[in-house]
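Before any comments, here is the structure.
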Amino acid sequence: MPVQFLAKAVDSTRWSKLDSRAGRTALLIVAAGSVVLGFIYHVMAMRAGAPPTFFVSVLYNVMVIVGYASIGLLLAFRFQRRTTSPARVFWTILFFGLIFIAIASYITSIGREVDEVLLDLYEAEGEFDYYTGVPRVFVTVIKINLLSLLGSIFAFYVLIRIGSLVLFKRTKLSQRNWQIMMALFGLSAATAFMKSPQSDPDIYQLVALIPAIGFMMVNSFRASWIVYMTFQEKMISIGLSMLLLLFLLIGLGITSIANPLPFLSDLRVYVLYYNYVLYLFVMLVLGFGVMYTTASLLLLLFHLPTTGDFQRRTHERVVMQSLTNLVSQAFDPEKLYTTVASSPVEAGTADTGWLAIADPKSGSLQPDIVASANITPNRVTRLMDIAALYGELSASRTSLYLEQASTDHRLNVRPGDGFSSLLAVPLVAREEMLGALFVTKEVAHGFEKDDIESIHMFAAQAALALDNARLFKEQIEKERLARELDIAREVQRKLLPQCLPRFKGLSVYASNVSAQQVGGDYYDFLQLDEHRLCVVIGDVSGKGASAAFYMAVMQGIFQSVSRLAPRPIDFLRHANAALAHSLDKNVFISLIYGILDIQREEFVFARAGHNPLATINLHGEAKYIRPDGIGLGLDRGGLFERSLQEVTVPLQPGDAFVLYTDGLVESRNLLGEEYGYDRMLEAMRRHRDEEAAGLHDALITDLQQFVGPKPYDDDMTLMVFKWHGIDVPTGGHASSQQRTATPPVSLLGAKP
Amino acid sequence: MSNFSVGFRSNTTIEVLDLNGELDAHTASELEAAIQKCKNEATYRIVVNGANLQYISSAGLGVFMAYIEELRAKGGDIKIAALQPKVYNVFDLLGFPMLFDIVDTEAEAIARFNRT
């Protein structure tokens, strides 16, 4: 389609390459050149008294088109970056128009007598030859050139300025429509190519005009700048556009009927005889100017009453979108809740609002109203079943709009209660529903599509803010826990024995290895007298700071009660009673407590639910000894005591026994296999000749080799006691040997 | 992360909880919630079926201890059935068989309820 092609040609971005110093200079030269040559052309015609040859005329017409197009481009470059205000456009056009009229009227009056100017409408026609249309005198030539130049400049100015209003909101469509209109102007004007100014318009010219006028109308109603104006601005623009309209109609003599200033209508004539094509273009532009100004005036008048609404909408949007508030309140949940609930009310979008949150961590799934604006939570719960509505939102994850609250069976609302429309929006972030925002309006059907959208947008941001607040809280909690664990680890370390006991004939080695988390392993020694050593090993259920706390309690009990009631069953009975007050219902402690008597060469012990004691002798006989007994804290009555069995293990030189916690036997390798009780006995058999320390390290190494390069899941304690006999020198030097086998994780036990 | 789930089955006035997977400190809360649910429904007679229970830690054992007193006070109990050998050993070491009815089959556990 030729129009599309022309429209593309008119697209100013294509020509923007010319908007450079060189380009502008070139355009200026072309424009100046064509003006000068046009002048010469008309002088020649006047001299000859007849229109020039066909060829020269064609050349002339082309030159005029090119030259004036250059002028148009230059002006477009000059004015395209101006910021537009509609009022400014109107008054600048008016201003330059008045100047133009002043100059033009002066020029028109040159060579005429005063009374002729005022009386004869068609006086201008007389300056041109009746048959040829050629100017008769030199003065006329000057006039037509000057007036055409000035008139065209003014017309281009009008076109460019009004164009900026039409394209106030640039969309592909609006831009295309504008370009097509300009192309049609060009096309219509081009129908006058090589035509005589005196001829009547033919059918082609009229037909070409129709689409042009059509697009002029389309573009006349593009006034998107209206919505942004305040009432005052609109009034000013109404005034200016009225003046401008008046000026355009009267001042430019567009209507020659009842024209009080007849000489002004002559302007047209001069331009017409200068160049028919240019004349048509200029007239179309000015005609469009009139159309646009008229349309603007009417639209302004019609938009006056709705100014308030638009202003309100903009204000609403601004308040709802002030998200910096929300984001910065992530650190203060209470404040955040209040902001979320009250923002819609403050913005004027709703009459009341409240925020409900169901926190599963607080134990219940019932939503609480954490903040409300313009209404109290009590009133809300009286008026509706919040839990039911919340549940609905939670299931559907979409918002709920009740347009007539009083007729909805889910609510208890009666007319006069203060609201008739209810909008409930779930606040969802990372696929979890964090809460629900409820807003109401006093009237039924009170929320329009715009309001609903606005509230949805706000809800999305509120959800993000709530999520942030939640994440922040979790982060603080994590850090608190980490600090708690650090303290627990410290406590645990301090509670364990700092050194190993020294007894003649006995070698002892013990160690404790911590897992990732702080565990509840405990072991301790107490020397009763020169020949008796109290030994205890235990495992508190659970992990973390509370396990460490119970460990501390256990240590206190051991250190005090073992002195007073050293016998195993006595000790355990007292310990169970003492712990009854401290232990939570779900906490228990497994323990082995015993007395090693080097004089009687025996180890007497009792087992309260702990892993069985392992023994090995030099012959390689290894076994577990597992007397009855339930864990501490599992029974506060007589059952605990009744279940205990005391066992006496006689010790021969070379015998060894091992106390440990389940972290050792339950350690798993990568295949998920447990180290197990059998492997431990086997390892003990293989290393039965070793000293306590050597046996200890050998067991650890054997375990490590089995488990492989894995961190430990659980705390692990290992105590090895080797009896050498009174007469045999103990491993005094051996125990101070450097240990070669070291566990991969830090040793929390003591080195001798 | 350990895998653990609790299945619910009703047997007249007795609720049977099927434990699947590993019961440790991370998953203990699920068992707690399950028992809590039974309590809310005023079902105080519970049979725990450990056929699919692969592992239990002290935290898991603690859950039983936490609820047993009040369930028994309301005339109910927790009976444990069908434990795998390794898991049974953990209960046994601590002496749980003296505190709870730990039996080989679910039927036996239910029978014991009906006897009382």
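Numbering starts fresh at 1 for the residues of each chain in the structure tokens, the chains themselves are lettered A, B, ... in the order given, and ligands are numbered from 1 as they appear.
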Show which residues sit within 7 Å of B:Thr43, as an MDAnalysis selection string. Count only C-alpha atoms, and ignore same-chain residues fewer than 3 positions away. chainID B and resid 13:15 38:39
Non-local contacts of stretch 475-492 of chain A (12 Å; only C-alpha atoms; under 5 positions in same chain excluded) as a PDB file with C-alpha atoms, in the first residue's frame:
ATOM      1  CA  PHE A 331      12.453  -6.093  61.080  1.00  0.00           C
ATOM      2  CA  ASN A 468      10.986 -11.322  54.430  1.00  0.00           C
ATOM      3  CA  ALA A 469       9.973 -10.753  58.018  1.00  0.00           C
ATOM      4  CA  ARG A 470       9.560 -14.460  58.493  1.00  0.00           C
ATOM      5  CA  PRO A 497      37.211 -35.123  83.250  1.00  0.00           C
ATOM      6  CA  GLN A 498      40.265 -33.033  82.539  1.00  0.00           C
ATOM      7  CA  ASN A 512      34.861 -38.451  73.907  1.00  0.00           C
ATOM      8  CA  VAL A 513      34.265 -37.423  70.360  1.00  0.00           C
ATOM      9  CA  SER A 514      31.600 -34.938  69.557  1.00  0.00           C
ATOM     10  CA  ALA A 515      29.370 -35.236  66.568  1.00  0.00           C
ATOM     11  CA  GLN A 516      28.008 -32.286  64.630  1.00  0.00           C
ATOM     12  CA  GLN A 517      25.470 -31.538  67.265  1.00  0.00           C
ATOM     13  CA  VAL A 518      26.123 -31.366  70.964  1.00  0.00           C
ATOM     14  CA  GLY A 519      25.229 -34.699  72.470  1.00  0.00           C
ATOM     15  CA  GLY A 520      24.525 -35.894  75.955  1.00  0.00           C
ATOM     16  CA  ASP A 521      27.424 -38.256  76.565  1.00  0.00           C
ATOM     17  CA  TYR A 522      28.934 -38.124  80.002  1.00  0.00           C
ATOM     18  CA  TYR A 523      31.693 -39.981  81.739  1.00  0.00           C
ATOM     19  CA  VAL A 540      21.359 -38.334  78.001  1.00  0.00           C
ATOM     20  CA  LYS A 543      20.683 -33.399  71.789  1.00  0.00           C
ATOM     21  CA  GLY A 544      21.567 -29.765  72.103  1.00  0.00           C
ATOM     22  CA  ALA A 545      21.661 -27.418  75.010  1.00  0.00           C
ATOM     23  CA  SER A 546      19.165 -29.309  77.133  1.00  0.00           C
ATOM     24  CA  ALA A 547      21.206 -32.510  76.921  1.00  0.00           C
ATOM     25  CA  ALA A 548      24.254 -30.606  78.062  1.00  0.00           C
ATOM     26  CA  PHE A 549      22.221 -29.226  80.942  1.00  0.00           C
ATOM     27  CA  TYR A 550      21.217 -32.676  82.118  1.00  0.00           C
ATOM     28  CA  MET A 551      24.794 -33.750  81.802  1.00  0.00           C
ATOM     29  CA  ALA A 552      25.714 -31.030  84.242  1.00  0.00           C
ATOM     30  CA  VAL A 553      23.027 -32.219  86.659  1.00  0.00           C
ATOM     31  CA  MET A 554      24.327 -35.776  86.325  1.00  0.00           C
ATOM     32  CA  GLN A 555      27.834 -34.687  87.053  1.00  0.00           C
ATOM     33  CA  ASP A 715      28.566 -38.501  70.109  1.00  0.00           C
ATOM     34  CA  LEU A 748      37.290 -33.723  73.733  1.00  0.00           C
ATOM     35  CA  GLY A 749      38.662 -36.238  76.197  1.00  0.00           C
TER      36      GLY A 749
END
Proximity check chain B to chain A, 8 Å, nearest pairs one decimal Å, only C-alpha atoms, as JSON lines:
{"residue": "B:Ala25", "atom": "CA", "partner": "A:Gly542", "partner_atom": "CA", "distance": 7.2}
{"residue": "B:Ser58", "atom": "CA", "partner": "A:Ser541", "partner_atom": "CA", "distance": 5.0}
{"residue": "B:Ala59", "atom": "CA", "partner": "A:Gly542", "partner_atom": "CA", "distance": 5.2}
{"residue": "B:Leu61", "atom": "CA", "partner": "A:Asn586", "partner_atom": "CA", "distance": 7.7}
{"residue": "B:Gly62", "atom": "CA", "partner": "A:Asn586", "partner_atom": "CA", "distance": 4.1}
{"residue": "B:Val63", "atom": "CA", "partner": "A:Asn586", "partner_atom": "CA", "distance": 6.0}
{"residue": "B:Phe64", "atom": "CA", "partner": "A:Asn586", "partner_atom": "CA", "distance": 7.4}
{"residue": "B:Met65", "atom": "CA", "partner": "A:Asn586", "partner_atom": "CA", "distance": 5.0}
{"residue": "B:Ala66", "atom": "CA", "partner": "A:Asn586", "partner_atom": "CA", "distance": 4.5}
{"residue": "B:Leu93", "atom": "CA", "partner": "A:Gly609", "partner_atom": "CA", "distance": 5.3}
{"residue": "B:Leu94", "atom": "CA", "partner": "A:Gly609", "partner_atom": "CA", "distance": 3.7}
{"residue": "B:Gly95", "atom": "CA", "partner": "A:Ile630", "partner_atom": "CA", "distance": 4.3}
{"residue": "B:Phe96", "atom": "CA", "partner": "A:Ile630", "partner_atom": "CA", "distance": 7.2}
{"residue": "B:Met98", "atom": "CA", "partner": "A:Ile630", "partner_atom": "CA", "distance": 7.9}
Selected residues written out, N, CA and C atoms, as a PDB file, in the first residue's frame:
ATOM      1  N   ALA B  25      15.348 -37.324  66.041  1.00  0.00           N
ATOM      2  CA  ALA B  25      15.031 -35.991  66.564  1.00  0.00           C
ATOM      3  C   ALA B  25      14.276 -35.145  65.542  1.00  0.00           C
ATOM      4  N   SER B  58      16.916 -41.868  70.688  1.00  0.00           N
ATOM      5  CA  SER B  58      16.410 -41.547  72.027  1.00  0.00           C
ATOM      6  C   SER B  58      15.287 -40.519  71.954  1.00  0.00           C
ATOM      7  N   ALA B  59      15.360 -39.641  70.960  1.00  0.00           N
ATOM      8  CA  ALA B  59      14.282 -38.654  70.808  1.00  0.00           C
ATOM      9  C   ALA B  59      12.960 -39.352  70.501  1.00  0.00           C
ATOM     10  N   LEU B  61      12.160 -42.445  71.332  1.00  0.00           N
ATOM     11  CA  LEU B  61      11.738 -43.132  72.560  1.00  0.00           C
ATOM     12  C   LEU B  61      11.091 -42.142  73.514  1.00  0.00           C
ATOM     13  N   GLY B  62      11.626 -40.926  73.524  1.00  0.00           N
ATOM     14  CA  GLY B  62      11.109 -39.900  74.407  1.00  0.00           C
ATOM     15  C   GLY B  62       9.644 -39.596  74.135  1.00  0.00           C
ATOM     16  N   VAL B  63       9.231 -39.723  72.872  1.00  0.00           N
ATOM     17  CA  VAL B  63       7.835 -39.428  72.538  1.00  0.00           C
ATOM     18  C   VAL B  63       6.899 -40.376  73.287  1.00  0.00           C
ATOM     19  N   PHE B  64       7.285 -41.650  73.316  1.00  0.00           N
ATOM     20  CA  PHE B  64       6.454 -42.620  74.056  1.00  0.00           C
ATOM     21  C   PHE B  64       6.349 -42.216  75.514  1.00  0.00           C
ATOM     22  N   MET B  65       7.498 -41.853  76.087  1.00  0.00           N
ATOM     23  CA  MET B  65       7.523 -41.480  77.503  1.00  0.00           C
ATOM     24  C   MET B  65       6.679 -40.242  77.776  1.00  0.00           C
ATOM     25  N   ALA B  66       6.667 -39.338  76.780  1.00  0.00           N
ATOM     26  CA  ALA B  66       5.966 -38.079  77.013  1.00  0.00           C
ATOM     27  C   ALA B  66       4.467 -38.276  77.179  1.00  0.00           C
ATOM     28  N   LEU B  93      17.338 -52.555  75.534  1.00  0.00           N
ATOM     29  CA  LEU B  93      18.516 -52.098  76.265  1.00  0.00           C
ATOM     30  C   LEU B  93      18.123 -51.152  77.397  1.00  0.00           C
ATOM     31  N   LEU B  94      17.185 -50.277  77.106  1.00  0.00           N
ATOM     32  CA  LEU B  94      16.774 -49.296  78.098  1.00  0.00           C
ATOM     33  C   LEU B  94      15.757 -49.847  79.089  1.00  0.00           C
ATOM     34  N   GLY B  95      15.271 -51.030  78.816  1.00  0.00           N
ATOM     35  CA  GLY B  95      14.336 -51.630  79.746  1.00  0.00           C
ATOM     36  C   GLY B  95      12.890 -51.313  79.450  1.00  0.00           C
ATOM     37  N   PHE B  96      12.587 -50.882  78.231  1.00  0.00           N
ATOM     38  CA  PHE B  96      11.212 -50.535  77.891  1.00  0.00           C
ATOM     39  C   PHE B  96      10.232 -51.701  78.041  1.00  0.00           C
ATOM     40  N   MET B  98       9.811 -53.544  80.319  1.00  0.00           N
ATOM     41  CA  MET B  98       9.257 -53.543  81.676  1.00  0.00           C
ATOM     42  C   MET B  98       8.218 -52.434  81.840  1.00  0.00           C
TER      43      MET B  98
END
Between atom CA of A:Asn669 and atom CA of B:Tyr55, what is the distance, to one decimal in Å?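 Pair atom CA of A:Asn669 / atom CA of B:Tyr55 returns 15.3 Å.
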Skip B:Thr27 itself and residues of its chain fewer than 5 positions away, then list as JSON, numbers by chain all residues within 12 Å of it, counting only C-alpha atoms. {"B": [1, 2, 3, 4, 5, 6, 19, 20, 21, 22, 32, 33, 34, 55, 56, 57, 58, 59, 60, 61, 63]}
Just want the 10 Å neighbourhood of B:Asn49, counted on only C-alpha atoms, with same-chain residues fewer than 2 positions away dropped. Output as a PyMOL selection string. chain B and resi 6-7+16-20+46-47+51-53+79-83+103-106+109
File of the preceding selection, C-alpha atoms, as a PDB file, in the first residue's frame:
ATOM      1  CA  VAL B   6       2.693 -42.390  60.337  1.00  0.00           C
ATOM      2  CA  GLY B   7      -0.251 -44.337  59.016  1.00  0.00           C
ATOM      3  CA  VAL B  16      -3.237 -48.453  65.157  1.00  0.00           C
ATOM      4  CA  LEU B  17      -0.303 -46.264  64.151  1.00  0.00           C
ATOM      5  CA  ASP B  18       1.938 -47.709  61.447  1.00  0.00           C
ATOM      6  CA  LEU B  19       5.396 -46.231  61.723  1.00  0.00           C
ATOM      7  CA  ASN B  20       7.415 -46.086  58.534  1.00  0.00           C
ATOM      8  CA  ILE B  46      -3.029 -46.917  70.765  1.00  0.00           C
ATOM      9  CA  VAL B  47      -1.125 -49.766  69.133  1.00  0.00           C
ATOM     10  CA  ALA B  51       6.964 -53.497  61.110  1.00  0.00           C
ATOM     11  CA  ASN B  52       8.327 -50.767  58.840  1.00  0.00           C
ATOM     12  CA  LEU B  53      10.234 -48.859  61.478  1.00  0.00           C
ATOM     13  CA  LYS B  79       1.216 -51.025  73.106  1.00  0.00           C
ATOM     14  CA  ILE B  80       4.082 -51.720  70.749  1.00  0.00           C
ATOM     15  CA  ALA B  81       4.011 -54.520  68.214  1.00  0.00           C
ATOM     16  CA  ALA B  82       6.045 -56.104  65.410  1.00  0.00           C
ATOM     17  CA  LEU B  83       9.342 -54.382  66.066  1.00  0.00           C
ATOM     18  CA  VAL B 103       4.684 -57.889  71.585  1.00  0.00           C
ATOM     19  CA  ASP B 104       5.457 -59.678  68.369  1.00  0.00           C
ATOM     20  CA  THR B 105       2.221 -59.127  66.508  1.00  0.00           C
ATOM     21  CA  GLU B 106      -0.417 -56.478  66.220  1.00  0.00           C
ATOM     22  CA  ALA B 109      -1.414 -56.187  71.167  1.00  0.00           C
TER      23      ALA B 109
END
Contacts of A:Phe438 at 9 Å or less, counting only C-alpha atoms, minus same-chain residues fewer than 6 places along, as a list in words?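 Skipping anything fewer than 6 positions along the chain leaves Ala341, Thr352, Gly353, Trp354, Leu355, Ala356, Leu422, Leu423, Ala424, Val425 and Pro426 of chain A.
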For a test of reading the model, state the distance in Å between atom CA of A:Thr191 and atom CA of A:Val64, rounded to one decimal.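 Between atom CA of A:Thr191 and atom CA of A:Val64 the gap works out to 14.8 Å.
The environment of A:Tyr273 within 7 Å, counting only C-alpha atoms and disregarding residues fewer than 3 places along the same chain, consists of A:Gly133, A:Pro197, A:Val269, A:Tyr270, A:Tyr276.
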Limited to C-alpha atoms, could you put the picked residues into a file as a PDB file, in the first residue's frame?
ATOM      1  CA  GLY A 133      -1.799  33.199 -12.710  1.00  0.00           C
ATOM      2  CA  PRO A 197      -3.864  27.455  -9.054  1.00  0.00           C
ATOM      3  CA  VAL A 269      -4.155  33.457  -2.110  1.00  0.00           C
ATOM      4  CA  TYR A 270      -0.510  34.370  -1.966  1.00  0.00           C
ATOM      5  CA  TYR A 276      -0.357  24.844  -5.270  1.00  0.00           C
TER       6      TYR A 276
END
Please return, as a PyMOL selection string, all residues of chain B that DSSP assigns to strand (DSSP E or B) on the basis of the backbone. chain B and resi 4-11+14-23+45-56+77-81+102-103
Would you mind writing down, as number ranges by chain, each residue of stretch 372-599 of chain A that DSSP on the backbone assigns to helix (DSSP H, G or I)? A: 377-383, 386-396, 405-407, 449-495, 545-564, 568-580
Write a file of the selected residues as a tab-separated table (two decimals), in the first residue's frame, keeping C-alpha atoms.
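Generated output (result-v2.tsv):
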chain	number	residue	atom	x	y	z
A	377	PRO	CA	-10.84	-7.56	65.86
A	378	ASN	CA	-13.70	-8.38	68.22
A	379	ARG	CA	-16.17	-6.81	65.89
A	380	VAL	CA	-14.75	-8.74	62.99
A	381	THR	CA	-15.12	-12.07	64.75
A	382	ARG	CA	-18.68	-11.19	65.66
A	383	LEU	CA	-19.53	-10.34	62.07
A	386	ILE	CA	-12.82	-15.72	59.98
A	387	ALA	CA	-11.53	-19.27	60.23
A	388	ALA	CA	-13.96	-20.48	57.57
A	389	LEU	CA	-13.13	-17.67	55.18
A	390	TYR	CA	-9.45	-18.15	55.80
A	391	GLY	CA	-9.83	-21.84	55.12
A	392	GLU	CA	-11.56	-21.09	51.84
A	393	LEU	CA	-8.78	-18.75	50.79
A	394	SER	CA	-6.19	-21.28	51.82
A	395	ALA	CA	-7.78	-23.98	49.72
A	396	SER	CA	-8.41	-21.94	46.60
A	405	ALA	CA	-22.12	-8.88	52.45
A	406	SER	CA	-25.54	-8.70	54.03
A	407	THR	CA	-26.93	-11.38	51.75
A	449	LYS	CA	-12.07	-3.69	38.81
A	450	ASP	CA	-9.39	-1.04	39.31
A	451	ASP	CA	-9.69	-1.23	43.08
A	452	ILE	CA	-9.47	-5.00	43.08
A	453	GLU	CA	-6.40	-4.94	40.88
A	454	SER	CA	-4.80	-2.33	43.05
A	455	ILE	CA	-5.45	-4.36	46.19
A	456	HIS	CA	-4.07	-7.49	44.53
A	457	MET	CA	-0.86	-5.71	43.62
A	458	PHE	CA	-0.56	-4.45	47.15
A	459	ALA	CA	-1.25	-7.90	48.56
A	460	ALA	CA	1.54	-9.39	46.46
A	461	GLN	CA	3.99	-6.89	47.87
A	462	ALA	CA	2.65	-7.35	51.38
A	463	ALA	CA	3.16	-11.10	51.02
A	464	LEU	CA	6.77	-10.54	50.05
A	465	ALA	CA	7.28	-8.26	53.00
A	466	LEU	CA	5.74	-10.79	55.37
A	467	ASP	CA	7.93	-13.48	53.89
A	468	ASN	CA	10.99	-11.32	54.43
A	469	ALA	CA	9.97	-10.75	58.02
A	470	ARG	CA	9.56	-14.46	58.49
A	471	LEU	CA	12.91	-15.28	56.93
A	472	PHE	CA	14.55	-12.68	59.07
A	473	LYS	CA	13.03	-14.16	62.19
A	474	GLU	CA	14.19	-17.62	61.15
A	475	GLN	CA	17.68	-16.34	60.54
A	476	ILE	CA	17.84	-14.79	63.97
A	477	GLU	CA	16.54	-18.02	65.45
A	478	LYS	CA	19.19	-20.01	63.62
A	479	GLU	CA	21.91	-17.78	64.89
A	480	ARG	CA	20.55	-18.01	68.40
A	481	LEU	CA	20.56	-21.79	68.21
A	482	ALA	CA	24.08	-21.82	66.87
A	483	ARG	CA	25.21	-19.67	69.76
A	484	GLU	CA	23.33	-21.92	72.18
A	485	LEU	CA	25.10	-24.94	70.76
A	486	ASP	CA	28.45	-23.24	71.13
A	487	ILE	CA	27.74	-22.65	74.79
A	488	ALA	CA	26.50	-26.21	75.22
A	489	ARG	CA	29.66	-27.56	73.68
A	490	GLU	CA	31.73	-25.46	76.01
A	491	VAL	CA	29.74	-26.71	79.00
A	492	GLN	CA	30.10	-30.27	77.84
A	493	ARG	CA	33.82	-29.91	77.45
A	494	LYS	CA	34.19	-28.52	80.93
A	495	LEU	CA	32.07	-31.21	82.54
A	545	ALA	CA	21.66	-27.42	75.01
A	546	SER	CA	19.17	-29.31	77.13
A	547	ALA	CA	21.21	-32.51	76.92
A	548	ALA	CA	24.25	-30.61	78.06
A	549	PHE	CA	22.22	-29.23	80.94
A	550	TYR	CA	21.22	-32.68	82.12
A	551	MET	CA	24.79	-33.75	81.80
A	552	ALA	CA	25.71	-31.03	84.24
A	553	VAL	CA	23.03	-32.22	86.66
A	554	MET	CA	24.33	-35.78	86.33
A	555	GLN	CA	27.83	-34.69	87.05
A	556	GLY	CA	26.70	-32.95	90.20
A	557	ILE	CA	24.83	-36.04	91.31
A	558	PHE	CA	27.77	-38.32	90.59
A	559	GLN	CA	30.34	-36.18	92.29
A	560	SER	CA	28.26	-35.89	95.44
A	561	VAL	CA	26.20	-39.07	95.75
A	562	SER	CA	29.03	-41.48	94.89
A	563	ARG	CA	30.88	-40.30	97.96
A	564	LEU	CA	27.87	-40.85	100.15
A	568	PRO	CA	26.06	-49.21	92.56
A	569	ILE	CA	22.42	-49.98	93.31
A	570	ASP	CA	22.35	-47.35	96.08
A	571	PHE	CA	23.91	-44.79	93.87
A	572	LEU	CA	21.52	-45.41	91.01
A	573	ARG	CA	18.52	-45.37	93.32
A	574	HIS	CA	19.52	-42.01	94.72
A	575	ALA	CA	20.37	-40.70	91.27
A	576	ASN	CA	16.99	-41.68	89.88
A	577	ALA	CA	15.23	-39.95	92.78
A	578	ALA	CA	17.37	-36.84	92.44
A	579	LEU	CA	16.72	-36.63	88.72
A	580	ALA	CA	12.98	-37.14	89.06
Applying 9 Å and only C-alpha atoms, which residues near B:Leu71 remain after dropping the ones on its own chain fewer than 4 positions away? List them as a list in words. Lys39, Thr43, Tyr44, Arg45, Ile46, Tyr67, Gly75, Gly76, Asp77 and Ile78 of chain B
Those same residues, written as a PDB file, in the first residue's frame with N, CA and C atoms?
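Output file result-v7.pdb follows:
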ATOM      1  N   LYS B  39      -5.436 -38.230  70.792  1.00  0.00           N
ATOM      2  CA  LYS B  39      -5.928 -37.635  72.040  1.00  0.00           C
ATOM      3  C   LYS B  39      -7.095 -36.714  71.774  1.00  0.00           C
ATOM      4  N   THR B  43      -9.271 -40.890  71.624  1.00  0.00           N
ATOM      5  CA  THR B  43      -8.840 -42.290  71.493  1.00  0.00           C
ATOM      6  C   THR B  43      -7.591 -42.456  72.322  1.00  0.00           C
ATOM      7  N   TYR B  44      -7.697 -43.205  73.402  1.00  0.00           N
ATOM      8  CA  TYR B  44      -6.549 -43.319  74.291  1.00  0.00           C
ATOM      9  C   TYR B  44      -5.856 -44.672  74.188  1.00  0.00           C
ATOM     10  N   ARG B  45      -6.444 -45.558  73.392  1.00  0.00           N
ATOM     11  CA  ARG B  45      -5.848 -46.885  73.236  1.00  0.00           C
ATOM     12  C   ARG B  45      -5.146 -46.919  71.893  1.00  0.00           C
ATOM     13  N   ILE B  46      -3.833 -47.010  71.976  1.00  0.00           N
ATOM     14  CA  ILE B  46      -3.029 -46.917  70.765  1.00  0.00           C
ATOM     15  C   ILE B  46      -2.140 -48.145  70.644  1.00  0.00           C
ATOM     16  N   TYR B  67       3.872 -39.244  76.485  1.00  0.00           N
ATOM     17  CA  TYR B  67       2.418 -39.373  76.459  1.00  0.00           C
ATOM     18  C   TYR B  67       1.856 -40.520  77.289  1.00  0.00           C
ATOM     19  N   GLY B  75      -7.210 -44.297  81.095  1.00  0.00           N
ATOM     20  CA  GLY B  75      -7.666 -45.669  80.885  1.00  0.00           C
ATOM     21  C   GLY B  75      -7.151 -46.296  79.597  1.00  0.00           C
ATOM     22  N   GLY B  76      -6.223 -45.621  78.973  1.00  0.00           N
ATOM     23  CA  GLY B  76      -5.710 -46.169  77.728  1.00  0.00           C
ATOM     24  C   GLY B  76      -4.281 -46.654  77.898  1.00  0.00           C
ATOM     25  N   ASP B  77      -3.602 -46.835  76.756  1.00  0.00           N
ATOM     26  CA  ASP B  77      -2.227 -47.301  76.809  1.00  0.00           C
ATOM     27  C   ASP B  77      -1.611 -47.191  75.414  1.00  0.00           C
ATOM     28  N   ILE B  78      -0.297 -47.301  75.379  1.00  0.00           N
ATOM     29  CA  ILE B  78       0.388 -47.481  74.096  1.00  0.00           C
ATOM     30  C   ILE B  78       1.008 -48.860  74.118  1.00  0.00           C
TER      31      ILE B  78
END
One number please: atom CA of A:Val66 to atom CA of A:Ser34, in Å, one decimal.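 Interatomic distance here is 7.8 Å.
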